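run-v2.cif follows (mmCIF, C-alpha atoms and all ligand atoms):
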data_start
#
loop_
_atom_site.label_atom_id
_atom_site.label_comp_id
_atom_site.auth_asym_id
_atom_site.auth_seq_id
_atom_site.Cartn_x
_atom_site.Cartn_y
_atom_site.Cartn_z
CA MET A 209 128.05 78.71 90.83
CA THR A 210 126.01 75.49 90.82
CA ASP A 211 123.14 74.97 88.37
CA ASP A 212 120.69 75.24 91.30
CA ASN A 213 122.11 78.59 92.33
CA ALA A 214 122.02 79.89 88.77
CA GLU A 215 118.41 78.77 88.43
CA LEU A 216 117.47 80.44 91.73
CA THR A 217 119.13 83.69 90.66
CA ALA A 218 117.28 83.61 87.34
CA LEU A 219 113.95 83.00 89.12
CA GLN A 220 114.60 85.85 91.54
CA GLN A 221 115.48 88.13 88.63
CA ALA A 222 112.29 87.14 86.81
CA ALA A 223 110.20 87.84 89.93
CA LYS A 224 111.89 91.23 90.33
CA THR A 225 111.21 92.05 86.68
CA ARG A 226 107.53 91.10 87.06
CA HIS A 227 107.30 93.31 90.13
CA GLU A 228 108.91 96.25 88.30
CA ILE A 229 106.55 95.80 85.36
CA GLU A 230 103.56 95.69 87.69
CA ALA A 231 104.71 98.88 89.44
CA ALA A 232 105.35 100.66 86.15
CA ILE A 233 101.94 99.73 84.70
CA THR A 234 100.27 100.78 87.94
CA GLY A 235 102.07 104.12 87.89
CA MET A 236 101.26 104.82 84.27
CA PHE A 237 97.74 103.40 83.89
CA ALA A 238 96.21 102.75 87.30
CA ALA A 239 97.46 105.27 89.85
CA GLU A 240 95.30 105.53 92.96
CA ASP A 241 93.93 108.93 93.90
CA GLU A 242 93.15 110.24 97.37
CA GLY A 243 89.67 108.67 97.42
CA LEU A 244 90.99 105.18 96.75
CA ARG A 245 93.87 105.55 99.19
CA ALA A 246 91.51 106.87 101.88
CA SER A 247 89.22 103.84 101.40
CA LEU A 248 92.14 101.51 102.12
CA LEU A 249 93.12 103.47 105.22
CA ALA A 250 89.52 103.47 106.51
CA ALA A 251 89.28 99.72 105.91
CA LYS A 252 92.52 99.10 107.77
CA GLN A 253 91.42 101.28 110.69
CA ALA A 254 88.14 99.35 110.85
CA GLY A 255 90.08 96.08 111.05
CA LEU A 256 88.96 94.76 107.67
CA PRO A 257 91.28 92.26 105.99
CA GLU A 258 93.63 93.76 103.39
CA ILE A 259 92.53 91.54 100.55
CA GLN A 260 91.30 94.10 98.04
CA ILE A 261 92.02 93.85 94.34
CA SER A 262 95.15 95.52 92.97
CA PRO A 263 95.02 98.92 91.21
CA ILE A 264 95.62 97.16 87.88
CA GLN A 265 92.61 94.94 88.57
CA GLY A 266 90.57 98.03 89.47
CA LYS A 267 91.52 99.68 86.19
CA PHE A 268 90.78 96.43 84.37
CA LEU A 269 87.25 96.44 85.82
CA GLN A 270 86.85 99.97 84.44
CA LEU A 271 88.04 98.78 81.05
CA LEU A 272 85.50 95.94 81.10
CA ALA A 273 82.74 98.34 82.16
CA ALA A 274 83.57 100.60 79.23
CA MET A 275 83.68 97.60 76.85
CA CYS A 276 80.08 96.62 77.65
CA ASN A 277 78.87 100.22 77.90
CA ALA A 278 77.91 99.59 81.52
CA HIS A 279 75.18 101.76 83.00
CA LYS A 280 74.21 99.28 85.70
CA ILE A 281 76.79 97.32 87.67
CA LEU A 282 76.23 94.74 90.40
CA GLU A 283 78.96 93.84 92.86
CA ILE A 284 78.55 90.79 95.11
CA GLY A 285 80.76 91.43 98.16
CA ALA A 286 81.73 95.04 98.87
CA LEU A 287 84.49 94.43 101.46
CA ALA A 288 86.16 97.84 101.87
CA GLY A 289 84.49 99.56 98.93
CA TYR A 290 87.80 99.78 97.08
CA SER A 291 86.67 97.87 93.98
CA GLY A 292 83.29 99.61 94.25
CA ILE A 293 85.00 102.99 93.84
CA TRP A 294 86.81 101.80 90.70
CA LEU A 295 83.55 100.38 89.33
CA ALA A 296 81.39 103.40 90.19
CA ARG A 297 83.87 105.72 88.51
CA ALA A 298 83.49 103.76 85.27
CA LEU A 299 79.79 104.66 85.12
CA PRO A 300 78.39 107.44 82.96
CA ALA A 301 76.15 110.15 84.45
CA GLY A 302 72.95 108.47 85.62
CA GLY A 303 74.69 105.09 85.96
CA ARG A 304 74.24 102.92 89.05
CA LEU A 305 76.37 100.54 91.11
CA ILE A 306 74.65 98.27 93.60
CA THR A 307 77.05 96.47 95.93
CA LEU A 308 75.93 93.74 98.32
CA GLU A 309 77.50 93.46 101.75
CA MET A 310 76.69 91.02 104.52
CA SER A 311 78.14 93.03 107.42
CA PRO A 312 76.29 96.23 108.48
CA ASP A 313 79.53 97.54 110.06
CA HIS A 314 81.52 97.00 106.88
CA ALA A 315 78.70 98.61 104.90
CA ASP A 316 79.07 101.78 107.01
CA VAL A 317 82.79 101.89 106.22
CA VAL A 318 81.99 101.42 102.52
CA ARG A 319 79.38 104.22 102.52
CA SER A 320 81.86 106.66 104.10
CA SER A 321 84.51 105.67 101.57
CA PHE A 322 82.05 106.14 98.68
CA GLU A 323 81.23 109.58 100.09
CA ARG A 324 84.90 110.60 100.30
CA ALA A 325 85.61 109.27 96.81
CA GLY A 326 82.70 111.28 95.40
CA VAL A 327 80.67 108.32 94.13
CA SER A 328 77.88 108.06 96.71
CA GLU A 329 75.29 109.52 94.31
CA ARG A 330 75.71 106.57 91.98
CA ALA A 331 76.84 103.79 94.32
CA GLU A 332 74.53 102.08 96.78
CA VAL A 333 75.36 99.48 99.45
CA ARG A 334 72.68 96.92 100.27
CA VAL A 335 73.11 94.95 103.47
CA GLY A 336 72.27 91.28 103.78
CA ARG A 337 73.23 87.80 102.63
CA ALA A 338 73.85 87.94 98.90
CA LEU A 339 71.73 84.83 98.32
CA ASP A 340 68.80 86.59 100.02
CA LEU A 341 69.31 89.90 98.21
CA LEU A 342 69.94 88.57 94.69
CA PRO A 343 66.31 87.42 94.09
CA THR A 344 65.14 90.97 95.00
CA LEU A 345 67.20 92.47 92.16
CA LYS A 346 65.19 90.98 89.30
CA SER A 347 63.18 94.18 88.82
CA GLU A 348 66.44 96.17 88.51
CA ALA A 349 68.03 93.80 85.97
CA PRO A 350 69.61 93.48 83.53
CA PHE A 351 73.00 94.47 84.86
CA ASP A 352 75.70 95.16 82.27
CA LEU A 353 78.51 93.95 84.51
CA VAL A 354 78.51 91.70 87.57
CA PHE A 355 81.58 91.46 89.79
CA ILE A 356 81.65 88.49 92.18
CA ASP A 357 84.05 88.89 95.11
CA ALA A 358 82.32 87.50 98.21
CA ASP A 359 82.46 84.27 100.24
CA LYS A 360 83.81 81.54 98.02
CA SER A 361 81.72 78.42 98.64
CA PRO A 362 78.56 79.89 97.01
CA TYR A 363 80.50 81.15 93.95
CA PRO A 364 78.64 78.74 91.59
CA ARG A 365 75.30 80.02 92.89
CA TYR A 366 76.44 83.62 92.47
CA LEU A 367 77.32 82.75 88.86
CA GLU A 368 73.81 81.32 88.36
CA TRP A 369 72.34 84.57 89.67
CA ALA A 370 74.70 86.63 87.55
CA LEU A 371 73.40 84.77 84.48
CA ARG A 372 69.80 85.46 85.52
CA LEU A 373 70.45 89.15 86.10
CA THR A 374 72.41 89.99 82.93
CA ARG A 375 71.78 90.30 79.15
CA PRO A 376 73.64 89.09 76.08
CA GLY A 377 76.79 91.23 75.93
CA SER A 378 77.02 91.62 79.71
CA ILE A 379 80.29 90.79 81.43
CA ILE A 380 80.63 88.59 84.52
CA VAL A 381 83.86 88.70 86.54
CA ALA A 382 84.82 86.58 89.55
CA ASP A 383 87.80 87.45 91.74
CA ASN A 384 90.20 84.88 93.19
CA SER A 385 89.63 82.28 90.50
CA ILE A 386 93.27 81.16 90.31
CA ARG A 387 94.56 80.91 93.89
CA SER A 388 98.10 79.86 92.93
CA GLY A 389 96.68 77.15 90.66
CA LYS A 390 94.36 75.63 93.29
CA GLY A 391 91.39 76.97 91.34
CA PHE A 392 91.85 74.25 88.73
CA VAL A 393 92.47 71.09 90.77
CA GLN A 394 90.63 68.93 93.30
CA ALA A 395 89.55 71.25 96.13
CA GLU A 396 90.74 70.82 99.71
CA ASP A 397 88.00 72.85 101.38
CA GLU A 398 84.52 74.24 100.74
CA GLY A 399 85.72 77.66 99.67
CA MET A 400 88.10 76.25 97.10
CA ALA A 401 85.38 73.83 95.94
CA GLY A 402 83.23 76.85 95.10
CA ILE A 403 86.02 78.44 93.09
CA VAL A 404 86.90 75.20 91.25
CA GLU A 405 83.24 74.65 90.34
CA LEU A 406 82.88 78.27 89.15
CA ASN A 407 85.91 77.85 86.88
CA LYS A 408 84.52 74.61 85.46
CA ARG A 409 81.13 76.15 84.78
CA MET A 410 82.52 79.37 83.34
CA ALA A 411 84.87 77.42 81.07
CA SER A 412 82.21 75.02 79.76
CA ASP A 413 78.91 76.93 79.74
CA PRO A 414 77.94 77.37 76.07
CA ARG A 415 76.28 80.71 76.90
CA LEU A 416 79.64 82.20 77.87
CA VAL A 417 82.96 83.12 76.29
CA SER A 418 85.37 83.03 79.20
CA LEU A 419 88.93 83.08 80.45
CA ALA A 420 90.81 83.07 83.75
CA LEU A 421 93.61 85.64 83.79
CA ALA A 422 96.46 85.82 86.33
CA MET A 423 96.65 89.52 87.06
CA ASP A 424 97.02 90.28 90.76
CA ASP A 425 100.15 91.90 92.19
CA ASP A 426 102.23 88.73 91.89
CA TYR A 427 100.40 87.00 89.03
CA THR A 428 99.28 84.08 91.20
CA ASP A 429 95.61 85.01 91.43
CA GLY A 430 93.18 86.87 89.24
CA PHE A 431 89.80 87.14 87.58
CA ALA A 432 87.68 84.61 85.76
CA ILE A 433 85.97 86.72 83.08
CA ALA A 434 83.01 85.85 80.91
CA VAL A 435 80.96 87.59 78.28
CA VAL A 436 77.34 86.44 78.05
CA LYS A 437 76.62 85.38 74.44
CA TYR A 438 72.97 84.42 74.98
CA GLN A 439 70.67 83.38 77.80
C1 LIG A 501 91.32 86.49 100.04
C2 LIG A 501 91.48 87.34 98.97
C3 LIG A 501 90.38 87.82 98.32
O1 LIG A 501 90.48 88.66 97.25
C4 LIG A 501 89.12 87.45 98.73
O2 LIG A 501 88.06 87.94 98.03
C5 LIG A 501 88.95 86.62 99.81
C6 LIG A 501 90.05 86.12 100.48
C7 LIG A 501 92.51 85.98 100.74
O3 LIG A 501 93.62 86.21 100.25
O4 LIG A 501 92.35 85.34 101.77
MG MG A 502 88.68 88.89 96.26
#
Mind turning the file's structure into structure tokens?
Ligand code: DHB
Ligand code: MG
Amino acid sequence: MTDDNAELTALQQAAKTRHEIEAAITGMFAAEDEGLRASLLAAKQAGLPEIQISPIQGKFLQLLAAMCNAHKILEIGALAGYSGIWLARALPAGGRLITLEMSPDHADVVRSSFERAGVSERAEVRVGRALDLLPTLKSEAPFDLVFIDADKSPYPRYLEWALRLTRPGSIIVADNSIRSGKGFVQAEDEGMAGIVELNKRMASDPRLVSLALAMDDDYTDGFAIAVVKYQ
């Protein structure tokens, strides 16, 4: 066997091992129940893109919510409601998730999925452009956790709003911060420019302790995570 072939085999083996680890962790720590699976099916039937977070990422959001004793969670970008179900389930009795969704049709899908998953009492979908809705949330702040997972070019502005709407000790998470490494280099389009700028700000803002973590289903994308130290 040539060196190239041996290297390729080793890379394939490493990828297979990562996949097996991911599946094992999912099975042991982050198994989906009927409510989560039904939300994915409903999203697919409604023609929504299948770009939701992985089960491990959903469980990780729950872990973060527990770490900051979250009673109030804000999600920017509901998509199919899949991450919203994970987040809402991390709330204690009387807790509240507000999720912002631009599309009224998608919001209907999300509401039905919340209903089926048994979280509709504590999870509310608000329809509109996030940049229009965010200023209206001041009276409901501070949020303990903010999850940003919407259109990418305004990511830096969503981070600014997240900082306005949180408290010291709150956690801010942004999905898709890595993008196979493109999140850390010169951007080729507006969406990537938003992600690159968010990473730069999260990494350098003295008010935050932060880290980007590769943690999606093939470890090429993941969350940028920050804890607010002061405001
Ligand atoms: C994509 C994935 C996401 O998680 C997202 O929020 C937006 C787009 C994508 O893979 O295209
Ligand atoms: Mg995303």
Please produce, as a tab-separated table, a per-residue contact table for stretch 258-374 of chain A versus stretch 402-413 of chain A (criterion: any atom at most 10 Å away, all atoms listed in the file considered), showing the nearest atom pair and its distance in Å to one decimal, sorted by chain then residue number.
residue	atom	partner	partner_atom	distance
A:Asp359	CA	A:Gly402	CA	9.1
A:Lys360	CA	A:Gly402	CA	5.6
A:Ser361	CA	A:Gly402	CA	4.2
A:Pro362	CA	A:Gly402	CA	5.9
A:Tyr363	CA	A:Gly402	CA	5.2
A:Pro364	CA	A:Leu406	CA	4.9
A:Arg365	CA	A:Leu406	CA	8.6
A:Tyr366	CA	A:Leu406	CA	9.0
A:Leu367	CA	A:Leu406	CA	7.1
A:Glu368	CA	A:Leu406	CA	9.6
**Item:** Minimum-distance residue to A:Pro376, chosen among A:Gln439, A:Ser262, A:Ser320, A:Thr307 (using all atoms listed in the file)
**Value:** A:Gln439
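Between atom CA of A:Glu329 and atom CA of A:Leu305 lies a distance of 9.6 Å.
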**Request:** Have a look at atom CA of A:Ser291 and atom CA of A:Ala254 and let me know their distance in Å, one decimal.
**Result:** 17.0 Å
**Message:** Could you list the protein, DNA and RNA residues that have any atom within 10 Å of ligand MG 502 (chain A), counting all atoms listed in the file, and write them as a ChimeraX atom specification?
**Reply:** /A:258-262,285-287,291,355-360,382-385,429-431
